[in-house]
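I have placed the structure first, in the form of structure tokens, so that the comments after it can refer back to it.
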Amino acid sequence: MSQTLHPMLNIAIKAARAAGAIINRASLDVERLTVSAKSHNDFVTDVDRAAEEVIIDTILEAYPGHGILAEESGRERGAKHSDYVWIIDPLDGTTNFIHGFPVYAVSIALAFRGQVQQAVVYDPTRNDLFYASKGKGAYLNDRRIRVSKRTRMLEALIGTGFPFRKGDNFQRYMRMFEDVMVQCAGVRRPGAASLDLCYVAAGYYDGFFETGLSPWDIAAGSLMITEAGGLVGNFTGESDFMYQREIVAATPRIYGQLVKTLAPYTRVIADAPVNGEAAEGEQSDEAVKALAEAEKAAQKQAEENKPKRIRISAPKADGDQGKDAPF
């Protein structure tokens, strides 16, 4: 790579490639994998766990004082109260992987006090490495990437994700899909949100939306979007999307049009248990809530540490008692 990368980004790339090597070896014989279901249509394999372990080992070897939020192990490892938190999805697109459908990726992001600073998404099947540092742009391999220049929804290709969880409101989903589909050139659903977001950043898609996603699905991709000149937020267009389980990302002009269409569908996913069963992803959601609380505390601390404007009084002259000169 020609440009000098941030040391923490280099560690993320090293970790992602190590995980990618494990995934590629396992892909040669997926029939031998041990597959278990975390919940309805939500699978995990030995490869997910092995890839996650090598990622965390690589990161903590370099930064033992940092925190970890990973899809499979939550916050079991790493420092519990660090300002730095690595947000990890070791294999985004597990269902694709176990079927031999070659659309999946490793996603790693580093957040500092709740703000994503470094991001890597690695596609091991194509050896495509997307990476970004805050304020430094987004890249695919060694090439700078930018969102597309399309401005009209009629010409836009939009990525999305279909519902698959217990409790999803399928009727509302269908209305939402229809509202988007009739306005655009086409809708695609490959099945790996981290790659979908990178595809928006690279200009392959003009926009993307989905509900029910967790921070590890979107943290890295969200930085790719903003560093490539796009916008990302929740369905009402606000920047608070990481823990809202809904996301829309697009070129600036397409973003506004998507938000106008999707705003009525905000908060489609219900977080409550269905029919007395445990809600999907309950253990992971506990980790997400813990991180959210930590980030809110950090943001509150940052607000308290902001310099405050004070009134400076000039020396009082005779006959001018009681009058202050504001700064």
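Going through the structure tokens in order, the chains are called A, B, and so on, while each chain numbers its residues from 1 and the ligands are numbered from 1 in the order shown.
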Non-local contacts of Ser133 (chain A) (9 Å; only C-alpha atoms; under 3 positions in same chain excluded) as a ChimeraX atom specification:
/A:5-6,9,116-119,136-138,223-224,227
Best match for closeness to Arg146 (chain A) among A:Ala109, A:Leu91, A:Ala228, A:Val121, counting only C-alpha atoms
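Result for the nearest residue to Arg146 (chain A): A:Ala228.
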Between CA of Met153 (chain A) and CA of Ala219 (chain A), what is the spacing in Å?
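Computing the Euclidean distance for CA of Ala219 (chain A) and CA of Met153 (chain A) yields 25.6 Å.
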Quick one: pull the distance between CA of Glu72 (chain A) and CA of Pro90 (chain A), Å, one decimal.
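Going from CA of Glu72 (chain A) over to CA of Pro90 (chain A), I get 8.4 Å.
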Just list the residues in region 54-271 of chain A DSSP gives strand (DSSP E or B) on the backbone, as a ChimeraX atom specification.
/A:67-70,74,78,84-92,105-112,115-123,128-133,137-140,143-145,157-160,186-188,207-211,231-233,246-250
Quick one: DSSP alpha helix (DSSP H) residues in region 136-257 of chain A, as an mmCIF file with all heavy atoms, in the first residue's frame?
data_model
loop_
_atom_site.group_PDB
_atom_site.id
_atom_site.type_symbol
_atom_site.label_atom_id
_atom_site.label_comp_id
_atom_site.auth_asym_id
_atom_site.auth_seq_id
_atom_site.Cartn_x
_atom_site.Cartn_y
_atom_site.Cartn_z
ATOM 1 N N PHE A 170 -43.508 -8.918 8.568
ATOM 2 C CA PHE A 170 -43.305 -9.139 7.144
ATOM 3 C C PHE A 170 -44.194 -8.249 6.287
ATOM 4 O O PHE A 170 -43.787 -7.817 5.207
ATOM 5 C CB PHE A 170 -43.549 -10.611 6.806
ATOM 6 C CG PHE A 170 -42.493 -11.531 7.344
ATOM 7 C CD1 PHE A 170 -42.669 -12.183 8.551
ATOM 8 C CD2 PHE A 170 -41.311 -11.730 6.653
ATOM 9 C CE1 PHE A 170 -41.689 -13.018 9.064
ATOM 10 C CE2 PHE A 170 -40.333 -12.562 7.156
ATOM 11 C CZ PHE A 170 -40.513 -13.218 8.359
ATOM 12 N N GLN A 171 -45.408 -7.983 6.745
ATOM 13 C CA GLN A 171 -46.302 -7.149 5.947
ATOM 14 C C GLN A 171 -45.755 -5.733 5.808
ATOM 15 O O GLN A 171 -45.785 -5.143 4.718
ATOM 16 C CB GLN A 171 -47.699 -7.124 6.587
ATOM 17 C CG GLN A 171 -48.383 -8.488 6.651
ATOM 18 C CD GLN A 171 -48.475 -9.149 5.285
ATOM 19 O OE1 GLN A 171 -48.802 -8.496 4.290
ATOM 20 N NE2 GLN A 171 -48.171 -10.433 5.219
ATOM 21 N N ARG A 172 -45.235 -5.192 6.901
ATOM 22 C CA ARG A 172 -44.649 -3.851 6.824
ATOM 23 C C ARG A 172 -43.398 -3.866 5.967
ATOM 24 O O ARG A 172 -43.129 -2.920 5.230
ATOM 25 C CB ARG A 172 -44.330 -3.326 8.226
ATOM 26 C CG ARG A 172 -45.570 -3.044 9.065
ATOM 27 C CD ARG A 172 -45.228 -2.264 10.310
ATOM 28 N NE ARG A 172 -44.844 -0.892 9.985
ATOM 29 C CZ ARG A 172 -44.334 -0.042 10.871
ATOM 30 N NH1 ARG A 172 -44.152 -0.435 12.124
ATOM 31 N NH2 ARG A 172 -44.019 1.176 10.525
ATOM 32 N N TYR A 173 -42.611 -4.955 6.062
ATOM 33 C CA TYR A 173 -41.430 -5.081 5.209
ATOM 34 C C TYR A 173 -41.822 -5.032 3.734
ATOM 35 O O TYR A 173 -41.191 -4.348 2.926
ATOM 36 C CB TYR A 173 -40.714 -6.404 5.481
ATOM 37 C CG TYR A 173 -39.581 -6.320 6.466
ATOM 38 C CD1 TYR A 173 -39.694 -6.900 7.722
ATOM 39 C CD2 TYR A 173 -38.391 -5.695 6.146
ATOM 40 C CE1 TYR A 173 -38.660 -6.855 8.638
ATOM 41 C CE2 TYR A 173 -37.354 -5.638 7.039
ATOM 42 C CZ TYR A 173 -37.486 -6.220 8.291
ATOM 43 O OH TYR A 173 -36.462 -6.164 9.185
ATOM 44 N N MET A 174 -42.841 -5.776 3.382
ATOM 45 C CA MET A 174 -43.247 -5.833 1.984
ATOM 46 C C MET A 174 -43.707 -4.463 1.484
ATOM 47 O O MET A 174 -43.416 -4.074 0.345
ATOM 48 C CB MET A 174 -44.358 -6.866 1.797
ATOM 49 C CG MET A 174 -43.924 -8.304 2.047
ATOM 50 S SD MET A 174 -42.444 -8.776 1.099
ATOM 51 C CE MET A 174 -43.072 -8.635 -0.581
ATOM 52 N N ARG A 175 -44.410 -3.728 2.330
ATOM 53 C CA ARG A 175 -44.819 -2.380 1.934
ATOM 54 C C ARG A 175 -43.610 -1.469 1.775
ATOM 55 O O ARG A 175 -43.553 -0.654 0.848
ATOM 56 C CB ARG A 175 -45.790 -1.802 2.966
ATOM 57 C CG ARG A 175 -47.153 -2.512 2.981
ATOM 58 C CD ARG A 175 -48.203 -1.671 3.691
ATOM 59 N NE ARG A 175 -47.901 -1.478 5.096
ATOM 60 C CZ ARG A 175 -48.300 -2.317 6.062
ATOM 61 N NH1 ARG A 175 -48.985 -3.398 5.773
ATOM 62 N NH2 ARG A 175 -48.007 -2.055 7.323
ATOM 63 N N MET A 176 -42.648 -1.611 2.671
ATOM 64 C CA MET A 176 -41.440 -0.807 2.588
ATOM 65 C C MET A 176 -40.651 -1.126 1.320
ATOM 66 O O MET A 176 -40.215 -0.229 0.585
ATOM 67 C CB MET A 176 -40.572 -1.053 3.833
ATOM 68 C CG MET A 176 -39.259 -0.305 3.839
ATOM 69 S SD MET A 176 -38.416 -0.447 5.440
ATOM 70 C CE MET A 176 -38.144 -2.217 5.554
ATOM 71 N N PHE A 177 -40.461 -2.435 1.043
ATOM 72 C CA PHE A 177 -39.747 -2.829 -0.170
ATOM 73 C C PHE A 177 -40.449 -2.303 -1.413
ATOM 74 O O PHE A 177 -39.805 -1.813 -2.348
ATOM 75 C CB PHE A 177 -39.641 -4.354 -0.259
ATOM 76 C CG PHE A 177 -38.698 -4.956 0.735
ATOM 77 C CD1 PHE A 177 -38.973 -6.197 1.303
ATOM 78 C CD2 PHE A 177 -37.542 -4.314 1.108
ATOM 79 C CE1 PHE A 177 -38.107 -6.756 2.226
ATOM 80 C CE2 PHE A 177 -36.667 -4.859 2.024
ATOM 81 C CZ PHE A 177 -36.946 -6.097 2.581
ATOM 82 N N GLU A 178 -41.761 -2.418 -1.425
ATOM 83 C CA GLU A 178 -42.513 -1.964 -2.599
ATOM 84 C C GLU A 178 -42.339 -0.463 -2.804
ATOM 85 O O GLU A 178 -42.135 0.001 -3.936
ATOM 86 C CB GLU A 178 -43.991 -2.308 -2.443
ATOM 87 C CG GLU A 178 -44.831 -1.906 -3.648
ATOM 88 C CD GLU A 178 -46.287 -2.287 -3.499
ATOM 89 O OE1 GLU A 178 -46.676 -2.791 -2.426
ATOM 90 O OE2 GLU A 178 -47.038 -2.063 -4.465
ATOM 91 N N ASP A 179 -42.406 0.296 -1.704
ATOM 92 C CA ASP A 179 -42.258 1.744 -1.813
ATOM 93 C C ASP A 179 -40.906 2.133 -2.393
ATOM 94 O O ASP A 179 -40.802 3.106 -3.148
ATOM 95 C CB ASP A 179 -42.433 2.400 -0.436
ATOM 96 C CG ASP A 179 -43.883 2.456 0.006
ATOM 97 O OD1 ASP A 179 -44.759 2.141 -0.830
ATOM 98 O OD2 ASP A 179 -44.136 2.795 1.180
ATOM 99 N N VAL A 180 -39.863 1.379 -2.032
ATOM 100 C CA VAL A 180 -38.531 1.675 -2.562
ATOM 101 C C VAL A 180 -38.396 1.156 -3.991
ATOM 102 O O VAL A 180 -37.895 1.857 -4.882
ATOM 103 C CB VAL A 180 -37.435 1.063 -1.662
ATOM 104 C CG1 VAL A 180 -36.050 1.231 -2.312
ATOM 105 C CG2 VAL A 180 -37.449 1.711 -0.283
ATOM 106 N N MET A 181 -38.837 -0.066 -4.233
ATOM 107 C CA MET A 181 -38.617 -0.707 -5.533
ATOM 108 C C MET A 181 -39.263 0.049 -6.685
ATOM 109 O O MET A 181 -38.700 0.122 -7.778
ATOM 110 C CB MET A 181 -39.110 -2.150 -5.499
ATOM 111 C CG MET A 181 -38.171 -3.085 -4.750
ATOM 112 S SD MET A 181 -38.614 -4.841 -4.923
ATOM 113 C CE MET A 181 -40.091 -4.912 -3.926
ATOM 114 N N ALA A 193 -24.189 -7.324 5.145
ATOM 115 C CA ALA A 193 -24.390 -5.878 5.264
ATOM 116 C C ALA A 193 -23.082 -5.099 5.230
ATOM 117 O O ALA A 193 -23.032 -3.989 4.689
ATOM 118 C CB ALA A 193 -25.148 -5.566 6.550
ATOM 119 N N SER A 194 -22.017 -5.659 5.804
ATOM 120 C CA SER A 194 -20.742 -4.935 5.808
ATOM 121 C C SER A 194 -20.262 -4.690 4.378
ATOM 122 O O SER A 194 -19.766 -3.599 4.052
ATOM 123 C CB SER A 194 -19.686 -5.715 6.592
ATOM 124 O OG SER A 194 -19.455 -6.991 6.016
ATOM 125 N N LEU A 195 -20.421 -5.690 3.510
ATOM 126 C CA LEU A 195 -20.043 -5.516 2.103
ATOM 127 C C LEU A 195 -21.007 -4.585 1.386
ATOM 128 O O LEU A 195 -20.587 -3.778 0.540
ATOM 129 C CB LEU A 195 -19.999 -6.868 1.387
ATOM 130 C CG LEU A 195 -18.740 -7.706 1.583
ATOM 131 C CD1 LEU A 195 -18.874 -9.046 0.867
ATOM 132 C CD2 LEU A 195 -17.500 -6.971 1.084
ATOM 133 N N ASP A 196 -22.299 -4.682 1.712
ATOM 134 C CA ASP A 196 -23.272 -3.781 1.095
ATOM 135 C C ASP A 196 -22.890 -2.325 1.322
ATOM 136 O O ASP A 196 -22.961 -1.488 0.405
ATOM 137 C CB ASP A 196 -24.665 -4.032 1.675
ATOM 138 C CG ASP A 196 -25.295 -5.315 1.174
ATOM 139 O OD1 ASP A 196 -25.052 -5.686 0.009
ATOM 140 O OD2 ASP A 196 -26.027 -5.957 1.952
ATOM 141 N N LEU A 197 -22.509 -1.993 2.538
ATOM 142 C CA LEU A 197 -22.119 -0.621 2.850
ATOM 143 C C LEU A 197 -20.862 -0.219 2.092
ATOM 144 O O LEU A 197 -20.751 0.915 1.597
ATOM 145 C CB LEU A 197 -21.914 -0.463 4.357
ATOM 146 C CG LEU A 197 -23.200 -0.550 5.189
ATOM 147 C CD1 LEU A 197 -22.879 -0.693 6.672
ATOM 148 C CD2 LEU A 197 -24.082 0.666 4.958
ATOM 149 N N CYS A 198 -19.918 -1.139 1.973
ATOM 150 C CA CYS A 198 -18.711 -0.852 1.197
ATOM 151 C C CYS A 198 -19.034 -0.648 -0.278
ATOM 152 O O CYS A 198 -18.397 0.157 -0.960
ATOM 153 C CB CYS A 198 -17.693 -1.983 1.360
ATOM 154 S SG CYS A 198 -16.924 -2.065 2.989
ATOM 155 N N TYR A 199 -20.037 -1.373 -0.764
ATOM 156 C CA TYR A 199 -20.441 -1.223 -2.164
ATOM 157 C C TYR A 199 -21.061 0.148 -2.418
ATOM 158 O O TYR A 199 -20.924 0.713 -3.506
ATOM 159 C CB TYR A 199 -21.413 -2.329 -2.558
ATOM 160 C CG TYR A 199 -20.788 -3.704 -2.644
ATOM 161 C CD1 TYR A 199 -21.566 -4.841 -2.803
ATOM 162 C CD2 TYR A 199 -19.405 -3.878 -2.556
ATOM 163 C CE1 TYR A 199 -21.007 -6.103 -2.883
ATOM 164 C CE2 TYR A 199 -18.826 -5.133 -2.623
ATOM 165 C CZ TYR A 199 -19.629 -6.243 -2.788
ATOM 166 O OH TYR A 199 -19.072 -7.493 -2.864
ATOM 167 N N VAL A 200 -21.748 0.696 -1.421
ATOM 168 C CA VAL A 200 -22.220 2.073 -1.546
ATOM 169 C C VAL A 200 -21.024 3.021 -1.588
ATOM 170 O O VAL A 200 -20.960 3.942 -2.412
ATOM 171 C CB VAL A 200 -23.163 2.446 -0.387
ATOM 172 C CG1 VAL A 200 -23.558 3.928 -0.476
ATOM 173 C CG2 VAL A 200 -24.417 1.581 -0.412
ATOM 174 N N ALA A 201 -20.063 2.798 -0.693
ATOM 175 C CA ALA A 201 -18.881 3.655 -0.646
ATOM 176 C C ALA A 201 -18.099 3.626 -1.958
ATOM 177 O O ALA A 201 -17.540 4.634 -2.388
ATOM 178 C CB ALA A 201 -17.971 3.231 0.517
ATOM 179 N N PRO A 215 -24.366 -3.414 15.882
ATOM 180 C CA PRO A 215 -23.201 -2.559 15.635
ATOM 181 C C PRO A 215 -22.096 -3.241 14.841
ATOM 182 O O PRO A 215 -21.450 -2.613 13.997
ATOM 183 C CB PRO A 215 -22.729 -2.185 17.044
ATOM 184 C CG PRO A 215 -23.967 -2.223 17.857
ATOM 185 C CD PRO A 215 -24.784 -3.355 17.308
ATOM 186 N N TRP A 216 -21.843 -4.546 15.114
ATOM 187 C CA TRP A 216 -20.745 -5.211 14.399
ATOM 188 C C TRP A 216 -21.049 -5.406 12.919
ATOM 189 O O TRP A 216 -20.145 -5.596 12.119
ATOM 190 C CB TRP A 216 -20.415 -6.553 15.058
ATOM 191 C CG TRP A 216 -21.625 -7.352 15.428
ATOM 192 C CD1 TRP A 216 -22.407 -8.097 14.612
ATOM 193 C CD2 TRP A 216 -22.190 -7.460 16.734
ATOM 194 N NE1 TRP A 216 -23.433 -8.674 15.319
ATOM 195 C CE2 TRP A 216 -23.327 -8.302 16.629
ATOM 196 C CE3 TRP A 216 -21.846 -6.945 17.982
ATOM 197 C CZ2 TRP A 216 -24.124 -8.632 17.732
ATOM 198 C CZ3 TRP A 216 -22.645 -7.263 19.062
ATOM 199 C CH2 TRP A 216 -23.757 -8.099 18.934
ATOM 200 N N ASP A 217 -22.323 -5.340 12.522
ATOM 201 C CA ASP A 217 -22.684 -5.434 11.109
ATOM 202 C C ASP A 217 -22.371 -4.147 10.353
ATOM 203 O O ASP A 217 -22.097 -4.190 9.142
ATOM 204 C CB ASP A 217 -24.180 -5.724 10.946
ATOM 205 C CG ASP A 217 -24.606 -7.039 11.572
ATOM 206 O OD1 ASP A 217 -23.964 -8.056 11.282
ATOM 207 O OD2 ASP A 217 -25.586 -7.045 12.343
ATOM 208 N N ILE A 218 -22.430 -3.012 11.028
ATOM 209 C CA ILE A 218 -22.437 -1.729 10.335
ATOM 210 C C ILE A 218 -21.338 -0.756 10.748
ATOM 211 O O ILE A 218 -21.125 0.251 10.054
ATOM 212 C CB ILE A 218 -23.798 -1.034 10.519
ATOM 213 C CG1 ILE A 218 -24.098 -0.795 12.004
ATOM 214 C CG2 ILE A 218 -24.897 -1.850 9.864
ATOM 215 C CD1 ILE A 218 -25.423 -0.065 12.259
ATOM 216 N N ALA A 219 -20.628 -1.026 11.842
ATOM 217 C CA ALA A 219 -19.668 -0.039 12.359
ATOM 218 C C ALA A 219 -18.595 0.292 11.336
ATOM 219 O O ALA A 219 -18.338 1.459 11.026
ATOM 220 C CB ALA A 219 -19.035 -0.547 13.655
ATOM 221 N N ALA A 220 -17.945 -0.735 10.783
ATOM 222 C CA ALA A 220 -16.876 -0.490 9.817
ATOM 223 C C ALA A 220 -17.424 0.130 8.537
ATOM 224 O O ALA A 220 -16.885 1.117 8.018
ATOM 225 C CB ALA A 220 -16.137 -1.793 9.504
ATOM 226 N N GLY A 221 -18.515 -0.423 8.020
ATOM 227 C CA GLY A 221 -19.075 0.079 6.774
ATOM 228 C C GLY A 221 -19.560 1.511 6.860
ATOM 229 O O GLY A 221 -19.486 2.257 5.878
ATOM 230 N N SER A 222 -20.035 1.912 8.048
ATOM 231 C CA SER A 222 -20.534 3.285 8.188
ATOM 232 C C SER A 222 -19.411 4.301 8.001
ATOM 233 O O SER A 222 -19.634 5.378 7.420
ATOM 234 C CB SER A 222 -21.205 3.471 9.549
ATOM 235 O OG SER A 222 -20.270 3.368 10.613
ATOM 236 N N LEU A 223 -18.208 3.990 8.481
ATOM 237 C CA LEU A 223 -17.080 4.909 8.278
ATOM 238 C C LEU A 223 -16.677 4.937 6.808
ATOM 239 O O LEU A 223 -16.303 5.992 6.279
ATOM 240 C CB LEU A 223 -15.896 4.512 9.159
ATOM 241 C CG LEU A 223 -14.688 5.468 9.089
ATOM 242 C CD1 LEU A 223 -15.068 6.855 9.595
ATOM 243 C CD2 LEU A 223 -13.510 4.919 9.890
ATOM 244 N N MET A 224 -16.734 3.788 6.135
ATOM 245 C CA MET A 224 -16.436 3.766 4.694
ATOM 246 C C MET A 224 -17.349 4.744 3.952
ATOM 247 O O MET A 224 -16.898 5.484 3.063
ATOM 248 C CB MET A 224 -16.650 2.365 4.117
ATOM 249 C CG MET A 224 -15.915 1.242 4.794
ATOM 250 S SD MET A 224 -14.149 1.242 4.490
ATOM 251 C CE MET A 224 -13.710 -0.209 5.487
ATOM 252 N N ILE A 225 -18.636 4.734 4.319
ATOM 253 C CA ILE A 225 -19.611 5.588 3.650
ATOM 254 C C ILE A 225 -19.249 7.061 3.805
ATOM 255 O O ILE A 225 -19.163 7.809 2.821
ATOM 256 C CB ILE A 225 -21.023 5.357 4.219
ATOM 257 C CG1 ILE A 225 -21.502 3.923 3.951
ATOM 258 C CG2 ILE A 225 -22.005 6.380 3.655
ATOM 259 C CD1 ILE A 225 -21.882 3.642 2.541
ATOM 260 N N THR A 226 -19.053 7.507 5.037
ATOM 261 C CA THR A 226 -18.806 8.929 5.270
ATOM 262 C C THR A 226 -17.473 9.368 4.680
ATOM 263 O O THR A 226 -17.356 10.476 4.152
ATOM 264 C CB THR A 226 -18.861 9.257 6.766
ATOM 265 O OG1 THR A 226 -17.937 8.415 7.483
ATOM 266 C CG2 THR A 226 -20.259 9.014 7.321
ATOM 267 N N GLU A 227 -16.470 8.492 4.751
ATOM 268 C CA GLU A 227 -15.164 8.848 4.189
ATOM 269 C C GLU A 227 -15.168 8.839 2.666
ATOM 270 O O GLU A 227 -14.295 9.423 2.032
ATOM 271 C CB GLU A 227 -14.086 7.903 4.721
ATOM 272 C CG GLU A 227 -13.741 8.112 6.185
ATOM 273 C CD GLU A 227 -13.212 9.515 6.463
ATOM 274 O OE1 GLU A 227 -12.356 9.998 5.687
ATOM 275 O OE2 GLU A 227 -13.663 10.142 7.445
ATOM 276 N N PRO A 252 -25.381 11.700 -1.196
ATOM 277 C CA PRO A 252 -26.153 12.766 -0.534
ATOM 278 C C PRO A 252 -27.541 13.004 -1.129
ATOM 279 O O PRO A 252 -28.514 13.169 -0.390
ATOM 280 C CB PRO A 252 -25.247 13.990 -0.705
ATOM 281 C CG PRO A 252 -23.863 13.417 -0.715
ATOM 282 C CD PRO A 252 -23.990 12.117 -1.468
ATOM 283 N N ARG A 253 -27.668 13.004 -2.445
ATOM 284 C CA ARG A 253 -28.972 13.280 -3.056
ATOM 285 C C ARG A 253 -29.925 12.094 -2.928
ATOM 286 O O ARG A 253 -31.121 12.269 -2.683
ATOM 287 C CB ARG A 253 -28.780 13.658 -4.532
ATOM 288 C CG ARG A 253 -28.056 14.974 -4.748
ATOM 289 C CD ARG A 253 -28.902 16.172 -4.368
ATOM 290 N NE ARG A 253 -30.041 16.333 -5.279
ATOM 291 C CZ ARG A 253 -29.992 16.962 -6.443
ATOM 292 N NH1 ARG A 253 -28.837 17.491 -6.850
ATOM 293 N NH2 ARG A 253 -31.068 17.073 -7.192
ATOM 294 N N ILE A 254 -29.420 10.895 -3.101
ATOM 295 C CA ILE A 254 -30.261 9.701 -2.971
ATOM 296 C C ILE A 254 -30.672 9.502 -1.517
ATOM 297 O O ILE A 254 -31.779 9.048 -1.214
ATOM 298 C CB ILE A 254 -29.533 8.454 -3.502
ATOM 299 C CG1 ILE A 254 -29.207 8.624 -4.989
ATOM 300 C CG2 ILE A 254 -30.348 7.191 -3.271
ATOM 301 C CD1 ILE A 254 -30.421 8.752 -5.888
ATOM 302 N N TYR A 255 -29.788 9.862 -0.586
ATOM 303 C CA TYR A 255 -30.064 9.710 0.846
ATOM 304 C C TYR A 255 -31.354 10.429 1.233
ATOM 305 O O TYR A 255 -32.227 9.865 1.908
ATOM 306 C CB TYR A 255 -28.885 10.266 1.645
ATOM 307 C CG TYR A 255 -29.014 10.143 3.147
ATOM 308 C CD1 TYR A 255 -28.683 8.954 3.787
ATOM 309 C CD2 TYR A 255 -29.440 11.213 3.920
ATOM 310 C CE1 TYR A 255 -28.788 8.841 5.167
ATOM 311 C CE2 TYR A 255 -29.548 11.112 5.297
ATOM 312 C CZ TYR A 255 -29.215 9.921 5.914
ATOM 313 O OH TYR A 255 -29.322 9.816 7.276
ATOM 314 N N GLY A 256 -31.490 11.669 0.811
ATOM 315 C CA GLY A 256 -32.673 12.436 1.153
ATOM 316 C C GLY A 256 -33.944 11.802 0.618
ATOM 317 O O GLY A 256 -34.983 11.792 1.291
ATOM 318 N N GLN A 257 -33.866 11.251 -0.577
ATOM 319 C CA GLN A 257 -35.040 10.614 -1.172
ATOM 320 C C GLN A 257 -35.386 9.304 -0.462
ATOM 321 O O GLN A 257 -36.561 8.977 -0.276
ATOM 322 C CB GLN A 257 -34.777 10.378 -2.664
ATOM 323 C CG GLN A 257 -34.594 11.682 -3.443
ATOM 324 C CD GLN A 257 -34.093 11.467 -4.859
ATOM 325 O OE1 GLN A 257 -34.822 10.986 -5.718
ATOM 326 N NE2 GLN A 257 -32.824 11.813 -5.091
#
Identify, on the basis of only C-alpha atoms, every residue whose closest approach to Phe112 (chain A) does not exceed 7 Å; exclude the query and any residue fewer than 5 positions from it along the same chain; express the result as a ChimeraX atom specification.
/A:83-85,117
Let me make sure I understand: among A:Ala185, A:Ala105, A:Val47, A:Ile247, which one has the smallest atom-to-atom distance to Ser27 (chain A) if we use only C-alpha atoms?
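Of all the options, A:Val47 lies closest to Ser27 (chain A).
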Hey, which of A:Phe235, A:Tyr122, A:Tyr139, A:Tyr205 ends up closest to Tyr104 (chain A)? Count only C-alpha atoms.
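Residue with the minimum atom-to-atom distance to Tyr104 (chain A): A:Tyr122.
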I'd like a table as a tab-separated table: residues in region 187-237 of chain A with an atom no more than 12 Å from region 97-101 of chain A, each row giving the shortest atom pair and its distance in Å to one decimal, only C-alpha atoms counted, sorted by chain and rising residue number.
residue	atom	partner	partner_atom	distance
A:Pro190	CA	A:Phe101	CA	9.3
A:Gly191	CA	A:Phe101	CA	9.7
A:Ala192	CA	A:Phe97	CA	10.2
Those same residues, written as a short mmCIF file (atom, residue, chain, number, x, y, z; two decimals), in the first residue's frame with N, CA, C and O atoms?
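Saved file result34.cif follows:
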data_model
loop_
_atom_site.label_atom_id
_atom_site.label_comp_id
_atom_site.auth_asym_id
_atom_site.auth_seq_id
_atom_site.Cartn_x
_atom_site.Cartn_y
_atom_site.Cartn_z
N PRO A 190 -27.49 -9.32 -1.49
CA PRO A 190 -26.50 -10.40 -1.45
C PRO A 190 -26.41 -11.10 -0.10
O PRO A 190 -26.09 -12.28 -0.03
N GLY A 191 -26.62 -10.39 1.03
CA GLY A 191 -26.66 -11.06 2.32
C GLY A 191 -25.50 -10.81 3.25
O GLY A 191 -25.30 -11.57 4.20
N ALA A 192 -24.72 -9.75 3.03
CA ALA A 192 -23.64 -9.38 3.96
C ALA A 192 -23.63 -7.86 4.06
O ALA A 192 -23.10 -7.17 3.18
#
Figure out the distance between CA of Asp142 (chain A) and CA of Ala202 (chain A), please, to one decimal in Å.
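That distance, rounded to one decimal, is 12.6 Å.
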Nearest to Leu110 (chain A) by atom-to-atom distance, counting only C-alpha atoms, from A:Ile145, A:Leu262, A:Ile23, A:Ile59
A:Ile59
Please provide as a PyMOL selection string all residues within 9 Å of Ala263 (chain A), with the sequence filter that same-chain residues fewer than 3 positions apart are discarded (counting only C-alpha atoms).
chain A and resi 234-237+258-260+266
